[in-house]
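Input: a single structure, listed below in structure tokens.
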Amino acid sequence: MAVQVRDWRMKITALDIRKQEFARSFRGYDPDEVDSFLQVIATGWQEMVDDQRRSQEKIDEQRMKLEHYMKVEEALEVALQTARSSARQT
């Protein structure tokens with residue numbers, strides 16, 4: 001399989017890196033070194049993808065908490081306004 005030029009918006013996976021093959025040529029690079037390097041890159045890439053996924057999950061969790069606290073704040077604001085109104089009437 002020859003090197004394929006990918007559209008930069010396409011997602012590349014660790015498996016894509018591991019499976020990448022290069023054409024052999026006389027006096028080319030050492031295939032074992034290239035394979036070894038691709039393995040190192042694929043492992044690092046997978047770690048980055050996993051870190052990004054965990055970070056996104058944390059962001060989503062914090063967003064849900066924020067929405068909850070905003071609703072609580074709104075309810076407290078309504079309760080405060082009701083209490084102020086009741087205090088004025090008495």
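Labeling convention for the structure tokens: chains A, B, ... as they appear, residues from 1 per chain, ligands from 1 in order of appearance.
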Checklist entry - How would you write, as a ChimeraX atom specification, the set of residues in stretch 8-89 of chain A that DSSP gives as alpha helix (DSSP H)? => result /A:14-19,31-89
Next on the checklist: Need the shell around A:Phe37: protein/DNA/RNA residues with any atom at most 10 Å away, counting only C-alpha atoms. Skip same-chain ones fewer than 6 positions apart. Format as a PyMOL selection string?
Outcome noted: chain A and resi 17-18+31+43
Checklist entry - Counting only C-alpha atoms, which of A:Gly28, A:Lys58, A:Arg63, A:Thr13 gets nearest to A:Gln46? => result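 With only C-alpha atoms as the atom set, the closest residue is A:Thr13.
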